[in-house]
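Q: One structure follows; several queries about it will come next.
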Amino acid sequence: MEKQWVELSPEEKQDVLFRRWLSPKGPDGSDLPFQSQEAAQSYQERIERIKDAIQMKKLPDRVPVCPLPSMFPAYDAGMTVQDVMYDYDKCHAAWKKFVLDYEPDGHLSSSAPGPGKFYEILDYKLYAWPGHGVAPEHSYQFIEGEYMQADEYDALIQDPSGFFSNAYLPRAFGALGPFQMLPFLPGILEMYGVAFSFIPYGLPPVQGALNAIMEAGNEALKWVTMVGGFDGEMASLGFPSMLAGFTKAPFDTLGDTLRGTKGIMLDIHRRPDKLLEALDALVPLMIKMAVGAAIMNGKPIIFMPLHKGADGFLSDQQFRTFYWPSLRKVLLGLIDEGCVPLLAAEGGYNSRLEVIKDLPRGKVIWMFDQTDMAEAKRVLGDTACIFGNVPLSLLSVGTPEQVKAYCKDLIDTAGQGGGFIMANGAFFDDIKGENLKAMIDFTKEYGVYR
């Protein structure tokens, strides 16, 4: 009898997720038919190459190359960001062109632009996007604010899910403002008085918000149908989509989404104990969000953008006290469930390397931007796969020969002994296509392990 998921060891769970990734399914749950035997072989080889680089148990045949674009596929296809956020057929076409033109080992799905109409329906407050504060040709922009007040730490700590539902959502989505009127759900326990708890659901403002949710859900369904179709089509052609899902470091969840940068930096000094308690309260939510996506999508890699842990943003002591402990708990929780966190260490992490090496071997990927890759290899080379760090400046204004020279140095240093994936250091929009092609083609030619 097969073991239940909870009975599997972390290694067994990861093996299950990799095996499911190697055997893609169609919308009906049946095995996805490949368009040729060559495509089937290429698909398997690309995933095995990435897997070998991550797990560090054996050398891959060569260095994998997995560029992570932002809106470059739209620009490269002659489209605007607004085009691909509102016309899902155009989004599919642009991302398909990108994959087939550049032939990466792993790609991001066409989910990257997001569904513009969905954000519009719910009056999303955290971002400006094309047609809503940003010109059609530009990418979306984050709008920071305090969506949790300094005196609300206890509310978050005592009931994180309830806080997000009843306080955060009404503030972050204009259309959901009436959700502030909804009842405390654990109070709906007995027949006696239970009807009183449902009275808010009969009020016109709340019903309007629920109608907005249904409309947004319909739009999200249209969008995800395109995304799933794209990923399936690319898989059938031999190109695996890399990411199963997304989560965040608890410090970034608080600092980006709830308190804002100013708020959390003040909280470090004014209410450090409450901040630490809240960070720990968020750990289970961050784990659950990612694990559910990995199991649903049948892939192990979980993307984690690290926004506020870079050199110079926090002192070393602040990083060790407020950032790393709760992040490490999330990472260990993901590892225990068979996931492979892909941590995008934005900015420089040169002063963090000795701290972040404290993880099990072959279980995470560190994407480095401005970190010294030779030093990263020296410190982390026996522990973790490193990923990156071709600079956007080089891809934007350099020449193909300069890109090749940079990639050669990366392979000669970070690529020694495996445990390295070639990629850009940060997400890219408007770069030179010939430079990206030089990065990919050179890695395939030079990065062979003999």
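Labeling convention for the structure tokens: chains A, B, ... as they appear, residues from 1 per chain, ligands from 1 in order of appearance.
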Tyr124 in chain A: which residues within 9 Å, counting only C-alpha atoms, same-chain residues fewer than 2 positions away excluded, as a CSV table (one decimal) with N, CA and C atoms, in the first residue's frame?
A:
```csv
chain,number,residue,atom,x,y,z
A,118,PHE,N,-8.8,41.6,-13.6
A,118,PHE,CA,-9.0,41.1,-12.2
A,118,PHE,C,-8.7,42.2,-11.2
A,119,TYR,N,-7.5,42.9,-11.4
A,119,TYR,CA,-7.1,43.9,-10.5
A,119,TYR,C,-8.1,45.1,-10.5
A,120,GLU,N,-8.6,45.3,-11.7
A,120,GLU,CA,-9.5,46.4,-12.0
A,120,GLU,C,-10.8,46.2,-11.2
A,121,ILE,N,-11.3,45.0,-11.4
A,121,ILE,CA,-12.6,44.7,-10.7
A,121,ILE,C,-12.6,44.9,-9.2
A,122,LEU,N,-11.4,44.4,-8.6
A,122,LEU,CA,-11.3,44.5,-7.2
A,122,LEU,C,-10.7,45.8,-6.6
A,126,LEU,N,-2.4,48.0,-3.9
A,126,LEU,CA,-1.0,47.8,-3.7
A,126,LEU,C,-0.1,48.1,-4.9
A,127,TYR,N,-0.7,48.1,-6.1
A,127,TYR,CA,0.0,48.3,-7.3
A,127,TYR,C,-0.6,49.3,-8.3
A,128,ALA,N,0.2,50.0,-9.1
A,128,ALA,CA,-0.3,50.7,-10.2
A,128,ALA,C,0.1,49.8,-11.4
A,172,ALA,N,-6.7,46.6,1.2
A,172,ALA,CA,-5.9,46.4,0.0
A,172,ALA,C,-6.7,46.4,-1.3
A,173,PHE,N,-8.0,46.0,-1.2
A,173,PHE,CA,-8.9,46.0,-2.4
A,173,PHE,C,-10.1,46.9,-2.1
A,174,GLY,N,-10.2,47.9,-2.9
A,174,GLY,CA,-11.3,48.9,-2.6
A,174,GLY,C,-12.7,48.3,-2.7
A,175,ALA,N,-12.8,47.3,-3.6
A,175,ALA,CA,-14.2,46.7,-3.8
A,175,ALA,C,-14.5,45.8,-2.6
```
Q: Neighbours of range 204-207 of chain A within 12 Å (only C-alpha atoms; same-chain residues fewer than 5 positions away dropped), as a list in words?
A: Pro170, Gly174, Ala175, Leu176, Gly177, Pro178, Phe179, Gln180, Met181, Leu182, Pro183, Phe198, Ile199, Ala212, Ile213 and Met214 of chain A
Q: Would you output that residue set with C-alpha atoms, as an mmCIF file, in the first residue's frame?
A:
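Everything below was put into out_27.cif:
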```
data_model
loop_
_atom_site.group_PDB
_atom_site.id
_atom_site.type_symbol
_atom_site.label_atom_id
_atom_site.label_comp_id
_atom_site.auth_asym_id
_atom_site.auth_seq_id
_atom_site.Cartn_x
_atom_site.Cartn_y
_atom_site.Cartn_z
ATOM 1 C CA PRO A 170 -10.824 45.562 2.835
ATOM 2 C CA GLY A 174 -11.285 48.898 -2.635
ATOM 3 C CA ALA A 175 -14.150 46.685 -3.771
ATOM 4 C CA LEU A 176 -13.867 44.607 -0.588
ATOM 5 C CA GLY A 177 -14.168 47.482 1.867
ATOM 6 C CA PRO A 178 -17.492 46.127 3.209
ATOM 7 C CA PHE A 179 -15.682 43.010 4.449
ATOM 8 C CA GLN A 180 -14.872 45.036 7.550
ATOM 9 C CA MET A 181 -18.514 44.403 8.496
ATOM 10 C CA LEU A 182 -18.210 40.606 8.452
ATOM 11 C CA PRO A 183 -18.496 38.572 11.673
ATOM 12 C CA PHE A 198 -24.996 36.027 9.102
ATOM 13 C CA ILE A 199 -26.863 39.329 9.126
ATOM 14 C CA ALA A 212 -17.207 41.681 -7.089
ATOM 15 C CA ILE A 213 -15.451 38.559 -5.823
ATOM 16 C CA MET A 214 -17.509 36.366 -8.128
#
```
Q: If we count only C-alpha atoms, what is near Gly78 in chain A at a cut-off of 12 Å, once residues fewer than 6 positions away on the same chain are taken out, given as a list in words?
A: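 Contacts, in chain order: Met71, Phe72, Val84, Lys90, Cys91, Ala93, Ala94, Trp95, Lys97, Phe98, Glu137 and Asp430 of chain A.
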Q: For those residues, write C-alpha atoms to a file as an mmCIF file, in the first residue's frame.
A:
```cif
data_model
loop_
_atom_site.group_PDB
_atom_site.id
_atom_site.type_symbol
_atom_site.label_atom_id
_atom_site.label_comp_id
_atom_site.auth_asym_id
_atom_site.auth_seq_id
_atom_site.Cartn_x
_atom_site.Cartn_y
_atom_site.Cartn_z
ATOM 1 C CA MET A 71 8.074 41.801 -19.195
ATOM 2 C CA PHE A 72 10.796 41.138 -21.774
ATOM 3 C CA VAL A 84 -0.414 41.066 -22.300
ATOM 4 C CA LYS A 90 -1.489 37.963 -26.817
ATOM 5 C CA CYS A 91 0.157 36.992 -23.540
ATOM 6 C CA ALA A 93 1.699 34.252 -27.980
ATOM 7 C CA ALA A 94 4.411 36.495 -26.541
ATOM 8 C CA TRP A 95 5.602 34.008 -23.920
ATOM 9 C CA LYS A 97 7.669 33.156 -28.816
ATOM 10 C CA PHE A 98 10.124 33.791 -25.984
ATOM 11 C CA GLU A 137 4.352 50.243 -22.280
ATOM 12 C CA ASP A 430 13.945 45.876 -21.884
#
```
Q: Mind listing the alpha helix (DSSP H) residues of range 246-349 of chain A, per DSSP on the backbone, as JSON, numbers by chain?
A: {"A": [250, 251, 252, 260, 261, 262, 263, 264, 265, 266, 267, 268, 269, 270, 272, 273, 274, 275, 276, 277, 278, 279, 280, 281, 282, 283, 284, 285, 286, 287, 288, 289, 290, 291, 292, 293, 294, 295, 296, 297, 316, 317, 318, 324, 325, 326, 327, 328, 329, 330, 331, 332, 333, 334, 335, 336]}
Q: For C-alpha atoms, I'd like the residues from the last selection saved as a short mmCIF file (atom, residue, chain, number, x, y, z; two decimals), in the first residue's frame.
A:
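Generated file (part01.cif):
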```cif
data_model
loop_
_atom_site.label_atom_id
_atom_site.label_comp_id
_atom_site.auth_asym_id
_atom_site.auth_seq_id
_atom_site.Cartn_x
_atom_site.Cartn_y
_atom_site.Cartn_z
CA PRO A 250 7.72 36.70 7.15
CA PHE A 251 9.72 39.94 7.56
CA ASP A 252 8.93 40.88 3.95
CA GLY A 260 5.41 49.15 4.98
CA THR A 261 9.15 49.85 5.09
CA LYS A 262 8.89 52.88 7.38
CA GLY A 263 6.53 51.09 9.74
CA ILE A 264 8.57 47.94 10.17
CA MET A 265 11.84 49.83 10.60
CA LEU A 266 10.25 51.83 13.40
CA ASP A 267 8.82 48.65 14.91
CA ILE A 268 12.32 47.13 15.15
CA HIS A 269 13.08 49.82 17.73
CA ARG A 270 9.68 50.59 19.26
CA PRO A 272 10.71 44.50 18.81
CA ASP A 273 9.07 41.78 20.91
CA LYS A 274 5.71 42.17 19.17
CA LEU A 275 7.45 42.16 15.81
CA LEU A 276 9.25 38.90 16.58
CA GLU A 277 6.01 37.33 17.83
CA ALA A 278 4.20 38.40 14.66
CA LEU A 279 6.96 37.04 12.44
CA ASP A 280 6.61 33.64 14.07
CA ALA A 281 2.81 33.79 13.72
CA LEU A 282 3.20 34.22 9.97
CA VAL A 283 5.51 31.22 9.52
CA PRO A 284 2.76 28.55 9.23
CA LEU A 285 0.83 30.67 6.72
CA MET A 286 3.88 31.15 4.51
CA ILE A 287 4.60 27.41 4.57
CA LYS A 288 1.01 26.35 3.90
CA MET A 289 0.61 28.72 0.95
CA ALA A 290 3.65 27.27 -0.82
CA VAL A 291 3.15 23.60 0.00
CA GLY A 292 -0.43 23.67 -1.26
CA ALA A 293 0.77 25.09 -4.58
CA ALA A 294 3.55 22.52 -4.90
CA ILE A 295 1.19 19.59 -4.32
CA MET A 296 -1.50 21.02 -6.60
CA ASN A 297 0.92 21.80 -9.45
CA ASP A 316 24.11 42.23 10.55
CA GLN A 317 22.58 41.99 14.02
CA GLN A 318 19.15 43.04 12.76
CA TRP A 324 16.77 35.17 9.23
CA PRO A 325 15.19 33.15 12.10
CA SER A 326 11.62 33.26 10.80
CA LEU A 327 12.78 32.89 7.19
CA ARG A 328 14.80 29.82 8.17
CA LYS A 329 11.71 28.33 9.85
CA VAL A 330 9.76 28.79 6.62
CA LEU A 331 12.59 27.21 4.60
CA LEU A 332 12.84 24.20 6.90
CA GLY A 333 9.07 23.81 6.79
CA LEU A 334 9.13 23.82 2.99
CA ILE A 335 12.05 21.38 2.90
CA ASP A 336 10.20 19.04 5.27
#
```
Q: Leaving out Leu68 in chain A and any residue of its chain fewer than 4 positions from it, which residues lie within 7 Å of it when counting only C-alpha atoms, given as a PyMOL selection string?
A: chain A and resi 107-108+423-424+427
Q: Can those selected residues be exported to a file as a PDB file, in the first residue's frame so that it contains N, CA and C atoms?
A:
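Result written to selection_31.pdb:
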```
ATOM      1  N   HIS A 107      11.550  27.643 -17.767  1.00  0.00           N
ATOM      2  CA  HIS A 107      10.982  28.959 -18.053  1.00  0.00           C
ATOM      3  C   HIS A 107       9.947  29.319 -16.995  1.00  0.00           C
ATOM      4  N   LEU A 108       9.685  30.609 -16.871  1.00  0.00           N
ATOM      5  CA  LEU A 108       8.555  31.067 -16.080  1.00  0.00           C
ATOM      6  C   LEU A 108       7.304  30.946 -16.929  1.00  0.00           C
ATOM      7  N   ALA A 423      21.836  32.247 -14.916  1.00  0.00           N
ATOM      8  CA  ALA A 423      20.637  33.078 -15.053  1.00  0.00           C
ATOM      9  C   ALA A 423      21.016  34.535 -14.877  1.00  0.00           C
ATOM     10  N   ASN A 424      20.061  35.389 -15.135  1.00  0.00           N
ATOM     11  CA  ASN A 424      20.196  36.804 -14.806  1.00  0.00           C
ATOM     12  C   ASN A 424      20.156  36.982 -13.301  1.00  0.00           C
ATOM     13  N   PHE A 427      15.141  40.258 -12.363  1.00  0.00           N
ATOM     14  CA  PHE A 427      14.188  40.131 -13.468  1.00  0.00           C
ATOM     15  C   PHE A 427      14.400  41.253 -14.486  1.00  0.00           C
TER      16      PHE A 427
END
```
Q: For Glu445 in chain A, find every residue with an atom within 12 Å (counting only C-alpha atoms), except residues of its own chain fewer than 2 positions away, and show them as a list of chain:residue names.
A: A:Asp61, A:Arg62, A:Val63, A:Pro64, A:Val65, A:Lys404, A:Cys407, A:Lys408, A:Ile411, A:Ala438, A:Met439, A:Ile440, A:Asp441, A:Phe442, A:Thr443, A:Gly447, A:Val448, A:Tyr449
Q: For a quick check of understanding, using only C-alpha atoms, which of A:Pro69, A:Pro240, A:Pro130, A:Gly114 has the smallest distance to Ala40 in chain A?
A: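 The closest residue to Ala40 in chain A is A:Pro240.
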Q: Considering only C-alpha atoms, return as a VMD selection string whatever protein or nucleic-acid residues lie within 12 Å of Leu243 in chain A, sequence-local ones (same chain, fewer than 6 positions apart) excluded.
A: chain A and resid 17 to 18 21 47 66 68 106 to 112 231 290 293 to 304 339 to 343
Q: From the options A:Ala235, A:Val397, A:Leu203, A:Val403, which residue's atoms come nearest to Leu22 in chain A, counting only C-alpha atoms?
A: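 Of A:Ala235, A:Val397, A:Leu203, A:Val403, the one nearest Leu22 in chain A is A:Ala235, counting only C-alpha atoms.
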Q: Neighbouring residues of Asp429 in chain A were defined as those with any atom within 12 Å, considering only C-alpha atoms; residues of the same chain fewer than 4 positions away were excluded. Please report them as a PyMOL selection string.
A: chain A and resi 67-76+80-81+112-113+137-140+392-393+395-396+424+433+436
Q: Can you list, as a list of chain:residue names, every residue of range 318-360 of chain A that DSSP puts in strand (DSSP E)?
A: A:Val340, A:Pro341, A:Leu342, A:Leu343, A:Ala344, A:Ala345
Q: Could you take the residues named above and write them with C-alpha atoms, as a PDB file, in the first residue's frame?
A:
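Contents of selection.pdb, freshly written:
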```pdb
ATOM      1  CA  VAL A 340      12.798  23.419  -3.079  1.00  0.00           C
ATOM      2  CA  PRO A 341      12.807  27.132  -2.175  1.00  0.00           C
ATOM      3  CA  LEU A 342      14.277  29.416  -4.860  1.00  0.00           C
ATOM      4  CA  LEU A 343      15.342  32.491  -2.917  1.00  0.00           C
ATOM      5  CA  ALA A 344      15.867  35.645  -4.982  1.00  0.00           C
ATOM      6  CA  ALA A 345      18.395  37.503  -2.832  1.00  0.00           C
TER       7      ALA A 345
END
```
